[in-house]
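K.L.:
To be precise about what I am sending: the file is called start15.cif and holds mmCIF, N, CA and C atoms.
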data_start
loop_
_atom_site.label_atom_id
_atom_site.label_comp_id
_atom_site.auth_asym_id
_atom_site.auth_seq_id
_atom_site.Cartn_x
_atom_site.Cartn_y
_atom_site.Cartn_z
N MET A 1016 -8.47 0.50 -21.99
CA MET A 1016 -8.85 -0.81 -21.52
C MET A 1016 -7.67 -1.50 -20.85
N LYS A 1017 -6.48 -1.38 -21.42
CA LYS A 1017 -5.29 -2.00 -20.84
C LYS A 1017 -4.97 -1.39 -19.48
N ASN A 1018 -5.09 -0.06 -19.38
CA ASN A 1018 -4.82 0.61 -18.10
C ASN A 1018 -5.77 0.14 -17.01
N ARG A 1019 -7.00 -0.11 -17.40
CA ARG A 1019 -7.99 -0.57 -16.43
C ARG A 1019 -7.61 -1.93 -15.87
N LYS A 1020 -7.11 -2.81 -16.73
CA LYS A 1020 -6.67 -4.14 -16.27
C LYS A 1020 -5.46 -4.03 -15.35
N VAL A 1021 -4.56 -3.12 -15.65
CA VAL A 1021 -3.38 -2.90 -14.80
C VAL A 1021 -3.82 -2.42 -13.43
N VAL A 1022 -4.73 -1.48 -13.39
CA VAL A 1022 -5.22 -0.95 -12.12
C VAL A 1022 -5.93 -2.05 -11.33
N GLN A 1023 -6.75 -2.85 -12.02
CA GLN A 1023 -7.46 -3.94 -11.34
C GLN A 1023 -6.47 -4.95 -10.75
N LYS A 1024 -5.41 -5.25 -11.49
CA LYS A 1024 -4.39 -6.19 -11.01
C LYS A 1024 -3.70 -5.62 -9.77
N GLU A 1025 -3.34 -4.35 -9.80
CA GLU A 1025 -2.70 -3.72 -8.66
C GLU A 1025 -3.60 -3.73 -7.43
N LEU A 1026 -4.88 -3.46 -7.63
CA LEU A 1026 -5.83 -3.47 -6.52
C LEU A 1026 -5.96 -4.87 -5.93
N LYS A 1027 -5.96 -5.90 -6.78
CA LYS A 1027 -5.99 -7.28 -6.29
C LYS A 1027 -4.79 -7.57 -5.40
N VAL A 1028 -3.63 -7.15 -5.85
CA VAL A 1028 -2.41 -7.39 -5.07
C VAL A 1028 -2.45 -6.60 -3.77
N MET A 1029 -2.86 -5.34 -3.83
CA MET A 1029 -2.89 -4.49 -2.65
C MET A 1029 -3.80 -5.05 -1.56
N PHE A 1030 -4.96 -5.55 -1.95
CA PHE A 1030 -5.96 -5.98 -0.97
C PHE A 1030 -6.00 -7.49 -0.77
N SER A 1031 -5.03 -8.19 -1.29
CA SER A 1031 -4.98 -9.64 -1.11
C SER A 1031 -4.56 -9.97 0.32
N LYS A 1032 -5.09 -11.06 0.82
CA LYS A 1032 -4.72 -11.52 2.15
C LYS A 1032 -3.38 -12.25 2.13
N ASP A 1033 -2.83 -12.49 0.95
CA ASP A 1033 -1.57 -13.22 0.83
C ASP A 1033 -0.34 -12.32 0.77
N THR A 1034 -0.50 -11.02 0.71
CA THR A 1034 0.65 -10.14 0.53
C THR A 1034 1.39 -9.82 1.82
N GLN A 1035 0.69 -9.82 2.95
CA GLN A 1035 1.32 -9.52 4.24
C GLN A 1035 0.80 -10.52 5.28
N PRO A 1036 1.66 -10.91 6.21
CA PRO A 1036 1.19 -11.80 7.27
C PRO A 1036 0.14 -11.10 8.14
N VAL A 1037 -0.72 -11.90 8.74
CA VAL A 1037 -1.80 -11.34 9.56
C VAL A 1037 -1.24 -10.51 10.72
N TRP A 1038 -0.18 -11.00 11.38
CA TRP A 1038 0.37 -10.26 12.52
C TRP A 1038 0.85 -8.88 12.10
N PHE A 1039 1.41 -8.77 10.86
CA PHE A 1039 1.90 -7.49 10.38
C PHE A 1039 0.73 -6.54 10.12
N ARG A 1040 -0.33 -7.05 9.49
CA ARG A 1040 -1.49 -6.20 9.21
C ARG A 1040 -2.13 -5.69 10.49
N ILE A 1041 -2.24 -6.57 11.49
CA ILE A 1041 -2.84 -6.16 12.77
C ILE A 1041 -1.98 -5.08 13.43
N THR A 1042 -0.68 -5.28 13.46
CA THR A 1042 0.23 -4.30 14.05
C THR A 1042 0.16 -2.97 13.30
N LYS A 1043 0.22 -3.04 11.97
CA LYS A 1043 0.20 -1.83 11.15
C LYS A 1043 -1.07 -1.02 11.40
N TRP A 1044 -2.23 -1.66 11.36
CA TRP A 1044 -3.47 -0.93 11.54
C TRP A 1044 -3.64 -0.46 12.98
N SER A 1045 -3.13 -1.21 13.95
CA SER A 1045 -3.18 -0.75 15.34
C SER A 1045 -2.39 0.53 15.52
N VAL A 1046 -1.20 0.58 14.92
CA VAL A 1046 -0.38 1.80 15.01
C VAL A 1046 -1.06 2.96 14.31
N PHE A 1047 -1.56 2.74 13.07
CA PHE A 1047 -2.23 3.81 12.33
C PHE A 1047 -3.42 4.37 13.10
N ILE A 1048 -4.25 3.48 13.62
CA ILE A 1048 -5.45 3.92 14.34
C ILE A 1048 -5.08 4.63 15.64
N SER A 1049 -4.10 4.10 16.35
CA SER A 1049 -3.67 4.72 17.61
C SER A 1049 -3.11 6.12 17.39
N VAL A 1050 -2.22 6.25 16.43
CA VAL A 1050 -1.63 7.57 16.15
C VAL A 1050 -2.70 8.52 15.63
N GLY A 1051 -3.59 8.03 14.76
CA GLY A 1051 -4.67 8.87 14.27
C GLY A 1051 -5.57 9.36 15.40
N TYR A 1052 -5.87 8.48 16.33
CA TYR A 1052 -6.69 8.85 17.49
C TYR A 1052 -6.00 9.91 18.34
N LEU A 1053 -4.70 9.72 18.57
CA LEU A 1053 -3.95 10.67 19.39
C LEU A 1053 -3.80 12.04 18.72
N LEU A 1054 -3.70 12.04 17.39
CA LEU A 1054 -3.50 13.29 16.66
C LEU A 1054 -4.80 13.95 16.21
N TYR A 1055 -5.92 13.24 16.32
CA TYR A 1055 -7.19 13.79 15.87
C TYR A 1055 -7.48 15.10 16.61
N GLU A 1056 -7.96 16.07 15.87
CA GLU A 1056 -8.27 17.42 16.37
C GLU A 1056 -7.02 18.20 16.78
N THR A 1057 -5.87 17.82 16.22
CA THR A 1057 -4.66 18.63 16.38
C THR A 1057 -4.26 19.11 15.00
N LYS A 1058 -3.32 20.05 14.97
CA LYS A 1058 -2.88 20.55 13.66
C LYS A 1058 -2.05 19.51 12.91
N TRP A 1059 -1.59 18.47 13.59
CA TRP A 1059 -0.74 17.46 12.96
C TRP A 1059 -1.51 16.31 12.32
N PHE A 1060 -2.81 16.25 12.53
CA PHE A 1060 -3.59 15.13 12.00
C PHE A 1060 -3.50 15.02 10.48
N TRP A 1061 -3.77 16.11 9.78
CA TRP A 1061 -3.76 16.05 8.31
C TRP A 1061 -2.34 15.92 7.77
N VAL A 1062 -1.36 16.45 8.48
CA VAL A 1062 0.04 16.24 8.07
C VAL A 1062 0.34 14.74 8.12
N TRP A 1063 -0.08 14.07 9.18
CA TRP A 1063 0.11 12.64 9.34
C TRP A 1063 -0.60 11.86 8.22
N VAL A 1064 -1.87 12.16 7.99
CA VAL A 1064 -2.65 11.44 6.99
C VAL A 1064 -2.05 11.62 5.60
N ILE A 1065 -1.77 12.85 5.21
CA ILE A 1065 -1.22 13.12 3.89
C ILE A 1065 0.21 12.57 3.77
N GLY A 1066 0.98 12.69 4.84
CA GLY A 1066 2.35 12.17 4.83
C GLY A 1066 2.41 10.66 4.64
N ILE A 1067 1.56 9.92 5.35
CA ILE A 1067 1.54 8.46 5.23
C ILE A 1067 1.09 8.06 3.82
N ALA A 1068 0.06 8.71 3.31
CA ALA A 1068 -0.41 8.39 1.95
C ALA A 1068 0.67 8.68 0.91
N THR A 1069 1.35 9.79 1.05
CA THR A 1069 2.42 10.16 0.12
C THR A 1069 3.59 9.18 0.22
N ALA A 1070 4.00 8.86 1.42
CA ALA A 1070 5.11 7.92 1.61
C ALA A 1070 4.77 6.55 1.03
N GLY A 1071 3.55 6.08 1.26
CA GLY A 1071 3.13 4.79 0.71
C GLY A 1071 3.13 4.77 -0.81
N THR A 1072 2.66 5.85 -1.40
CA THR A 1072 2.63 5.94 -2.86
C THR A 1072 4.05 5.97 -3.43
N ILE A 1073 4.92 6.74 -2.82
CA ILE A 1073 6.31 6.82 -3.29
C ILE A 1073 7.00 5.47 -3.14
N MET A 1074 6.79 4.80 -2.01
CA MET A 1074 7.40 3.48 -1.82
C MET A 1074 6.90 2.49 -2.86
N HIS A 1075 5.62 2.53 -3.18
CA HIS A 1075 5.05 1.63 -4.18
C HIS A 1075 5.66 1.89 -5.56
N ILE A 1076 5.75 3.14 -5.93
CA ILE A 1076 6.32 3.49 -7.24
C ILE A 1076 7.78 3.06 -7.33
N ILE A 1077 8.56 3.32 -6.29
CA ILE A 1077 9.98 2.92 -6.30
C ILE A 1077 10.10 1.40 -6.37
N TYR A 1078 9.29 0.70 -5.60
CA TYR A 1078 9.33 -0.77 -5.60
C TYR A 1078 9.02 -1.32 -6.99
N ARG A 1079 7.98 -0.79 -7.60
CA ARG A 1079 7.59 -1.27 -8.94
C ARG A 1079 8.67 -0.90 -9.96
N TRP A 1080 9.29 0.22 -9.83
CA TRP A 1080 10.36 0.62 -10.76
C TRP A 1080 11.55 -0.30 -10.59
N ARG A 1081 11.93 -0.57 -9.34
CA ARG A 1081 13.11 -1.40 -9.08
C ARG A 1081 12.88 -2.87 -9.47
N THR A 1082 11.63 -3.32 -9.47
CA THR A 1082 11.34 -4.71 -9.85
C THR A 1082 10.93 -4.82 -11.31
N LYS A 1083 11.31 -3.83 -12.09
CA LYS A 1083 11.04 -3.82 -13.54
C LYS A 1083 9.53 -3.85 -13.82
N VAL A 1084 8.79 -3.14 -13.02
CA VAL A 1084 7.34 -2.95 -13.11
C VAL A 1084 6.63 -4.30 -13.20
N TRP A 1085 6.02 -4.63 -14.31
CA TRP A 1085 5.23 -5.84 -14.40
C TRP A 1085 5.91 -6.92 -15.25
N THR A 1086 7.23 -6.91 -15.32
CA THR A 1086 7.92 -7.88 -16.18
C THR A 1086 8.33 -9.13 -15.42
N LYS A 1087 8.16 -9.17 -14.10
CA LYS A 1087 8.51 -10.34 -13.30
C LYS A 1087 7.28 -10.79 -12.52
N SER A 1088 7.21 -12.08 -12.25
CA SER A 1088 6.14 -12.60 -11.41
C SER A 1088 6.53 -12.43 -9.95
N TRP A 1089 5.58 -12.00 -9.15
CA TRP A 1089 5.81 -11.84 -7.71
C TRP A 1089 4.65 -12.49 -7.00
N GLY A 1090 4.97 -13.47 -6.17
CA GLY A 1090 3.89 -14.16 -5.46
C GLY A 1090 3.09 -15.00 -6.43
N ARG A 1091 1.81 -15.03 -6.24
CA ARG A 1091 0.95 -15.85 -7.09
C ARG A 1091 0.36 -15.10 -8.28
N TRP A 1092 0.80 -13.87 -8.49
CA TRP A 1092 0.30 -13.09 -9.61
C TRP A 1092 1.25 -13.25 -10.78
N GLU A 1093 0.80 -13.96 -11.77
CA GLU A 1093 1.62 -14.23 -12.93
C GLU A 1093 1.44 -13.15 -13.98
N LYS A 1094 2.50 -12.87 -14.71
CA LYS A 1094 2.44 -11.90 -15.81
C LYS A 1094 1.63 -12.52 -16.92
N ARG A 1095 0.70 -11.78 -17.46
CA ARG A 1095 -0.14 -12.28 -18.56
C ARG A 1095 -0.03 -11.38 -19.74
#
Output the file's structure in the form of structure tokens.
P.N.:
Amino acid sequence: MKNRKVVQKELKVMFSKDTQPVWFRITKWSVFISVGYLLYETKWFWVWVIGIATAGTIMHIIYRWRTKVWTKSWGRWEKR
């Protein structure tokens, strides 16, 4: 039950409109979609998709480790 709450909290933070500025989200998704379109039906498409997902996961884990996981408040999400 506790793990479920942790996952729900992380999902709220990930998909919140307050975590990244709108201009950054638009730029990020424009780049992802453009590169995906250019690489689609090439041998590099799945390397790109898996590489981005892996890099994002590793960055998230390192960030959470360096910020002492859930022991500090960040943004409007308070530790409960």
K.L.:
May I ask for the distance between atom C of Gln1023 (chain A) and CA of Trp1061 (chain A), given in Å to one decimal place?
P.N.:
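Between atom C of Gln1023 (chain A) and CA of Trp1061 (chain A) the gap is 28.5 Å.
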K.L.:
Which residue, A:Gln1035, A:Lys1017, A:Tyr1078, A:Gly1051, has the smallest gap to Ile1065 (chain A) when you use only C-alpha atoms?
P.N.:
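Distance minimum relative to Ile1065 (chain A) lands on A:Gly1051.
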K.L.:
How many Å lie between CA of Met1074 (chain A) and CA of Glu1056 (chain A), rounded to one decimal?
P.N.:
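That distance, rounded to one decimal, is 27.8 Å.
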K.L.:
Just give me the gap between CA of Lys1043 (chain A) and CA of Ile1067 (chain A) in Å, one decimal is fine.
P.N.:
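Here the two named atoms are 11.9 Å from each other.
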K.L.:
Extract the full set of alpha helix (DSSP H) residues from chain A according to DSSP on the backbone, and format it as a PDB file with N, CA and C atoms, in the coordinates of the input.
P.N.:
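And here's part_37.pdb as it stands now:
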ATOM      1  N   LYS A1017      -6.480  -1.380 -21.420  1.00  0.00           N
ATOM      2  CA  LYS A1017      -5.290  -2.000 -20.840  1.00  0.00           C
ATOM      3  C   LYS A1017      -4.970  -1.390 -19.480  1.00  0.00           C
ATOM      4  N   ASN A1018      -5.090  -0.060 -19.380  1.00  0.00           N
ATOM      5  CA  ASN A1018      -4.820   0.610 -18.100  1.00  0.00           C
ATOM      6  C   ASN A1018      -5.770   0.140 -17.010  1.00  0.00           C
ATOM      7  N   ARG A1019      -7.000  -0.110 -17.400  1.00  0.00           N
ATOM      8  CA  ARG A1019      -7.990  -0.570 -16.430  1.00  0.00           C
ATOM      9  C   ARG A1019      -7.610  -1.930 -15.870  1.00  0.00           C
ATOM     10  N   LYS A1020      -7.110  -2.810 -16.730  1.00  0.00           N
ATOM     11  CA  LYS A1020      -6.670  -4.140 -16.270  1.00  0.00           C
ATOM     12  C   LYS A1020      -5.460  -4.030 -15.350  1.00  0.00           C
ATOM     13  N   VAL A1021      -4.560  -3.120 -15.650  1.00  0.00           N
ATOM     14  CA  VAL A1021      -3.380  -2.900 -14.800  1.00  0.00           C
ATOM     15  C   VAL A1021      -3.820  -2.420 -13.430  1.00  0.00           C
ATOM     16  N   VAL A1022      -4.730  -1.480 -13.390  1.00  0.00           N
ATOM     17  CA  VAL A1022      -5.220  -0.950 -12.120  1.00  0.00           C
ATOM     18  C   VAL A1022      -5.930  -2.050 -11.330  1.00  0.00           C
ATOM     19  N   GLN A1023      -6.750  -2.850 -12.020  1.00  0.00           N
ATOM     20  CA  GLN A1023      -7.460  -3.940 -11.340  1.00  0.00           C
ATOM     21  C   GLN A1023      -6.470  -4.950 -10.750  1.00  0.00           C
ATOM     22  N   LYS A1024      -5.410  -5.250 -11.490  1.00  0.00           N
ATOM     23  CA  LYS A1024      -4.390  -6.190 -11.010  1.00  0.00           C
ATOM     24  C   LYS A1024      -3.700  -5.620  -9.770  1.00  0.00           C
ATOM     25  N   GLU A1025      -3.340  -4.350  -9.800  1.00  0.00           N
ATOM     26  CA  GLU A1025      -2.700  -3.720  -8.660  1.00  0.00           C
ATOM     27  C   GLU A1025      -3.600  -3.730  -7.430  1.00  0.00           C
ATOM     28  N   LEU A1026      -4.880  -3.460  -7.630  1.00  0.00           N
ATOM     29  CA  LEU A1026      -5.830  -3.470  -6.520  1.00  0.00           C
ATOM     30  C   LEU A1026      -5.960  -4.870  -5.930  1.00  0.00           C
ATOM     31  N   LYS A1027      -5.960  -5.900  -6.780  1.00  0.00           N
ATOM     32  CA  LYS A1027      -5.990  -7.280  -6.290  1.00  0.00           C
ATOM     33  C   LYS A1027      -4.790  -7.570  -5.400  1.00  0.00           C
ATOM     34  N   VAL A1028      -3.630  -7.150  -5.850  1.00  0.00           N
ATOM     35  CA  VAL A1028      -2.410  -7.390  -5.070  1.00  0.00           C
ATOM     36  C   VAL A1028      -2.450  -6.600  -3.770  1.00  0.00           C
ATOM     37  N   MET A1029      -2.860  -5.340  -3.830  1.00  0.00           N
ATOM     38  CA  MET A1029      -2.890  -4.490  -2.650  1.00  0.00           C
ATOM     39  C   MET A1029      -3.800  -5.050  -1.560  1.00  0.00           C
ATOM     40  N   VAL A1037      -0.720 -11.900   8.740  1.00  0.00           N
ATOM     41  CA  VAL A1037      -1.800 -11.340   9.560  1.00  0.00           C
ATOM     42  C   VAL A1037      -1.240 -10.510  10.720  1.00  0.00           C
ATOM     43  N   TRP A1038      -0.180 -11.000  11.380  1.00  0.00           N
ATOM     44  CA  TRP A1038       0.370 -10.260  12.520  1.00  0.00           C
ATOM     45  C   TRP A1038       0.850  -8.880  12.100  1.00  0.00           C
ATOM     46  N   PHE A1039       1.410  -8.770  10.860  1.00  0.00           N
ATOM     47  CA  PHE A1039       1.900  -7.490  10.380  1.00  0.00           C
ATOM     48  C   PHE A1039       0.730  -6.540  10.120  1.00  0.00           C
ATOM     49  N   ARG A1040      -0.330  -7.050   9.490  1.00  0.00           N
ATOM     50  CA  ARG A1040      -1.490  -6.200   9.210  1.00  0.00           C
ATOM     51  C   ARG A1040      -2.130  -5.690  10.490  1.00  0.00           C
ATOM     52  N   ILE A1041      -2.240  -6.570  11.490  1.00  0.00           N
ATOM     53  CA  ILE A1041      -2.840  -6.160  12.770  1.00  0.00           C
ATOM     54  C   ILE A1041      -1.980  -5.080  13.430  1.00  0.00           C
ATOM     55  N   THR A1042      -0.680  -5.280  13.460  1.00  0.00           N
ATOM     56  CA  THR A1042       0.230  -4.300  14.050  1.00  0.00           C
ATOM     57  C   THR A1042       0.160  -2.970  13.300  1.00  0.00           C
ATOM     58  N   LYS A1043       0.220  -3.040  11.970  1.00  0.00           N
ATOM     59  CA  LYS A1043       0.200  -1.830  11.150  1.00  0.00           C
ATOM     60  C   LYS A1043      -1.070  -1.020  11.400  1.00  0.00           C
ATOM     61  N   TRP A1044      -2.230  -1.660  11.360  1.00  0.00           N
ATOM     62  CA  TRP A1044      -3.470  -0.930  11.540  1.00  0.00           C
ATOM     63  C   TRP A1044      -3.640  -0.460  12.980  1.00  0.00           C
ATOM     64  N   SER A1045      -3.130  -1.210  13.950  1.00  0.00           N
ATOM     65  CA  SER A1045      -3.180  -0.750  15.340  1.00  0.00           C
ATOM     66  C   SER A1045      -2.390   0.530  15.520  1.00  0.00           C
ATOM     67  N   VAL A1046      -1.200   0.580  14.920  1.00  0.00           N
ATOM     68  CA  VAL A1046      -0.380   1.800  15.010  1.00  0.00           C
ATOM     69  C   VAL A1046      -1.060   2.960  14.310  1.00  0.00           C
ATOM     70  N   PHE A1047      -1.560   2.740  13.070  1.00  0.00           N
ATOM     71  CA  PHE A1047      -2.230   3.810  12.330  1.00  0.00           C
ATOM     72  C   PHE A1047      -3.420   4.370  13.100  1.00  0.00           C
ATOM     73  N   ILE A1048      -4.250   3.480  13.620  1.00  0.00           N
ATOM     74  CA  ILE A1048      -5.450   3.920  14.340  1.00  0.00           C
ATOM     75  C   ILE A1048      -5.080   4.630  15.640  1.00  0.00           C
ATOM     76  N   SER A1049      -4.100   4.100  16.350  1.00  0.00           N
ATOM     77  CA  SER A1049      -3.670   4.720  17.610  1.00  0.00           C
ATOM     78  C   SER A1049      -3.110   6.120  17.390  1.00  0.00           C
ATOM     79  N   VAL A1050      -2.220   6.250  16.430  1.00  0.00           N
ATOM     80  CA  VAL A1050      -1.630   7.570  16.150  1.00  0.00           C
ATOM     81  C   VAL A1050      -2.700   8.520  15.630  1.00  0.00           C
ATOM     82  N   GLY A1051      -3.590   8.030  14.760  1.00  0.00           N
ATOM     83  CA  GLY A1051      -4.670   8.870  14.270  1.00  0.00           C
ATOM     84  C   GLY A1051      -5.570   9.360  15.400  1.00  0.00           C
ATOM     85  N   TYR A1052      -5.870   8.480  16.330  1.00  0.00           N
ATOM     86  CA  TYR A1052      -6.690   8.850  17.490  1.00  0.00           C
ATOM     87  C   TYR A1052      -6.000   9.910  18.340  1.00  0.00           C
ATOM     88  N   LEU A1053      -4.700   9.720  18.570  1.00  0.00           N
ATOM     89  CA  LEU A1053      -3.950  10.670  19.390  1.00  0.00           C
ATOM     90  C   LEU A1053      -3.800  12.040  18.720  1.00  0.00           C
ATOM     91  N   LEU A1054      -3.700  12.040  17.390  1.00  0.00           N
ATOM     92  CA  LEU A1054      -3.500  13.290  16.660  1.00  0.00           C
ATOM     93  C   LEU A1054      -4.800  13.950  16.210  1.00  0.00           C
ATOM     94  N   PHE A1060      -2.810  16.250  12.530  1.00  0.00           N
ATOM     95  CA  PHE A1060      -3.590  15.130  12.000  1.00  0.00           C
ATOM     96  C   PHE A1060      -3.500  15.020  10.480  1.00  0.00           C
ATOM     97  N   TRP A1061      -3.770  16.110   9.780  1.00  0.00           N
ATOM     98  CA  TRP A1061      -3.760  16.050   8.310  1.00  0.00           C
ATOM     99  C   TRP A1061      -2.340  15.920   7.770  1.00  0.00           C
ATOM    100  N   VAL A1062      -1.360  16.450   8.480  1.00  0.00           N
ATOM    101  CA  VAL A1062       0.040  16.240   8.070  1.00  0.00           C
ATOM    102  C   VAL A1062       0.340  14.740   8.120  1.00  0.00           C
ATOM    103  N   TRP A1063      -0.080  14.070   9.180  1.00  0.00           N
ATOM    104  CA  TRP A1063       0.110  12.640   9.340  1.00  0.00           C
ATOM    105  C   TRP A1063      -0.600  11.860   8.220  1.00  0.00           C
ATOM    106  N   VAL A1064      -1.870  12.160   7.990  1.00  0.00           N
ATOM    107  CA  VAL A1064      -2.650  11.440   6.990  1.00  0.00           C
ATOM    108  C   VAL A1064      -2.050  11.620   5.600  1.00  0.00           C
ATOM    109  N   ILE A1065      -1.770  12.850   5.210  1.00  0.00           N
ATOM    110  CA  ILE A1065      -1.220  13.120   3.890  1.00  0.00           C
ATOM    111  C   ILE A1065       0.210  12.570   3.770  1.00  0.00           C
ATOM    112  N   GLY A1066       0.980  12.690   4.840  1.00  0.00           N
ATOM    113  CA  GLY A1066       2.350  12.170   4.830  1.00  0.00           C
ATOM    114  C   GLY A1066       2.410  10.660   4.640  1.00  0.00           C
ATOM    115  N   ILE A1067       1.560   9.920   5.350  1.00  0.00           N
ATOM    116  CA  ILE A1067       1.540   8.460   5.230  1.00  0.00           C
ATOM    117  C   ILE A1067       1.090   8.060   3.820  1.00  0.00           C
ATOM    118  N   ALA A1068       0.060   8.710   3.310  1.00  0.00           N
ATOM    119  CA  ALA A1068      -0.410   8.390   1.950  1.00  0.00           C
ATOM    120  C   ALA A1068       0.670   8.680   0.910  1.00  0.00           C
ATOM    121  N   THR A1069       1.350   9.790   1.050  1.00  0.00           N
ATOM    122  CA  THR A1069       2.420  10.160   0.120  1.00  0.00           C
ATOM    123  C   THR A1069       3.590   9.180   0.220  1.00  0.00           C
ATOM    124  N   ALA A1070       4.000   8.860   1.420  1.00  0.00           N
ATOM    125  CA  ALA A1070       5.110   7.920   1.610  1.00  0.00           C
ATOM    126  C   ALA A1070       4.770   6.550   1.030  1.00  0.00           C
ATOM    127  N   GLY A1071       3.550   6.080   1.260  1.00  0.00           N
ATOM    128  CA  GLY A1071       3.130   4.790   0.710  1.00  0.00           C
ATOM    129  C   GLY A1071       3.130   4.770  -0.810  1.00  0.00           C
ATOM    130  N   THR A1072       2.660   5.850  -1.400  1.00  0.00           N
ATOM    131  CA  THR A1072       2.630   5.940  -2.860  1.00  0.00           C
ATOM    132  C   THR A1072       4.050   5.970  -3.430  1.00  0.00           C
ATOM    133  N   ILE A1073       4.920   6.740  -2.820  1.00  0.00           N
ATOM    134  CA  ILE A1073       6.310   6.820  -3.290  1.00  0.00           C
ATOM    135  C   ILE A1073       7.000   5.470  -3.140  1.00  0.00           C
ATOM    136  N   MET A1074       6.790   4.800  -2.010  1.00  0.00           N
ATOM    137  CA  MET A1074       7.400   3.480  -1.820  1.00  0.00           C
ATOM    138  C   MET A1074       6.900   2.490  -2.860  1.00  0.00           C
ATOM    139  N   HIS A1075       5.620   2.530  -3.180  1.00  0.00           N
ATOM    140  CA  HIS A1075       5.050   1.630  -4.180  1.00  0.00           C
ATOM    141  C   HIS A1075       5.660   1.890  -5.560  1.00  0.00           C
ATOM    142  N   ILE A1076       5.750   3.140  -5.930  1.00  0.00           N
ATOM    143  CA  ILE A1076       6.320   3.490  -7.240  1.00  0.00           C
ATOM    144  C   ILE A1076       7.780   3.060  -7.330  1.00  0.00           C
ATOM    145  N   ILE A1077       8.560   3.320  -6.290  1.00  0.00           N
ATOM    146  CA  ILE A1077       9.980   2.920  -6.300  1.00  0.00           C
ATOM    147  C   ILE A1077      10.100   1.400  -6.370  1.00  0.00           C
ATOM    148  N   TYR A1078       9.290   0.700  -5.600  1.00  0.00           N
ATOM    149  CA  TYR A1078       9.330  -0.770  -5.600  1.00  0.00           C
ATOM    150  C   TYR A1078       9.020  -1.320  -6.990  1.00  0.00           C
ATOM    151  N   ARG A1079       7.980  -0.790  -7.600  1.00  0.00           N
ATOM    152  CA  ARG A1079       7.590  -1.270  -8.940  1.00  0.00           C
ATOM    153  C   ARG A1079       8.670  -0.900  -9.960  1.00  0.00           C
ATOM    154  N   TRP A1080       9.290   0.220  -9.830  1.00  0.00           N
ATOM    155  CA  TRP A1080      10.360   0.620 -10.760  1.00  0.00           C
ATOM    156  C   TRP A1080      11.550  -0.300 -10.590  1.00  0.00           C
ATOM    157  N   ARG A1081      11.930  -0.570  -9.340  1.00  0.00           N
ATOM    158  CA  ARG A1081      13.110  -1.400  -9.080  1.00  0.00           C
ATOM    159  C   ARG A1081      12.880  -2.870  -9.470  1.00  0.00           C
TER     160      ARG A1081
END
K.L.:
Will you give me region 1039-1052 of chain A, written with N, CA and C atoms and laid out as a short mmCIF file (atom, residue, chain, number, x, y, z; two decimals), in the first residue's frame?
P.N.:
data_model
loop_
_atom_site.label_atom_id
_atom_site.label_comp_id
_atom_site.auth_asym_id
_atom_site.auth_seq_id
_atom_site.Cartn_x
_atom_site.Cartn_y
_atom_site.Cartn_z
N PHE A 1039 9.41 24.90 -22.57
CA PHE A 1039 10.32 23.76 -22.52
C PHE A 1039 9.61 22.49 -22.97
N ARG A 1040 8.38 22.28 -22.50
CA ARG A 1040 7.63 21.09 -22.90
C ARG A 1040 7.38 21.07 -24.40
N ILE A 1041 7.02 22.23 -24.97
CA ILE A 1041 6.77 22.30 -26.41
C ILE A 1041 8.05 21.98 -27.19
N THR A 1042 9.16 22.57 -26.78
CA THR A 1042 10.44 22.31 -27.45
C THR A 1042 10.83 20.85 -27.33
N LYS A 1043 10.73 20.30 -26.11
CA LYS A 1043 11.11 18.91 -25.88
C LYS A 1043 10.30 17.96 -26.76
N TRP A 1044 8.98 18.10 -26.78
CA TRP A 1044 8.16 17.20 -27.57
C TRP A 1044 8.34 17.43 -29.06
N SER A 1045 8.60 18.66 -29.48
CA SER A 1045 8.88 18.92 -30.89
C SER A 1045 10.13 18.18 -31.35
N VAL A 1046 11.17 18.23 -30.52
CA VAL A 1046 12.42 17.53 -30.85
C VAL A 1046 12.19 16.02 -30.88
N PHE A 1047 11.52 15.47 -29.84
CA PHE A 1047 11.26 14.03 -29.79
C PHE A 1047 10.48 13.56 -31.01
N ILE A 1048 9.42 14.28 -31.34
CA ILE A 1048 8.57 13.87 -32.46
C ILE A 1048 9.33 14.01 -33.79
N SER A 1049 10.07 15.08 -33.95
CA SER A 1049 10.84 15.29 -35.18
C SER A 1049 11.89 14.20 -35.39
N VAL A 1050 12.66 13.93 -34.35
CA VAL A 1050 13.69 12.88 -34.47
C VAL A 1050 13.04 11.52 -34.68
N GLY A 1051 11.95 11.25 -33.96
CA GLY A 1051 11.25 9.99 -34.15
C GLY A 1051 10.74 9.82 -35.57
N TYR A 1052 10.21 10.90 -36.13
CA TYR A 1052 9.72 10.88 -37.51
C TYR A 1052 10.86 10.61 -38.49
#
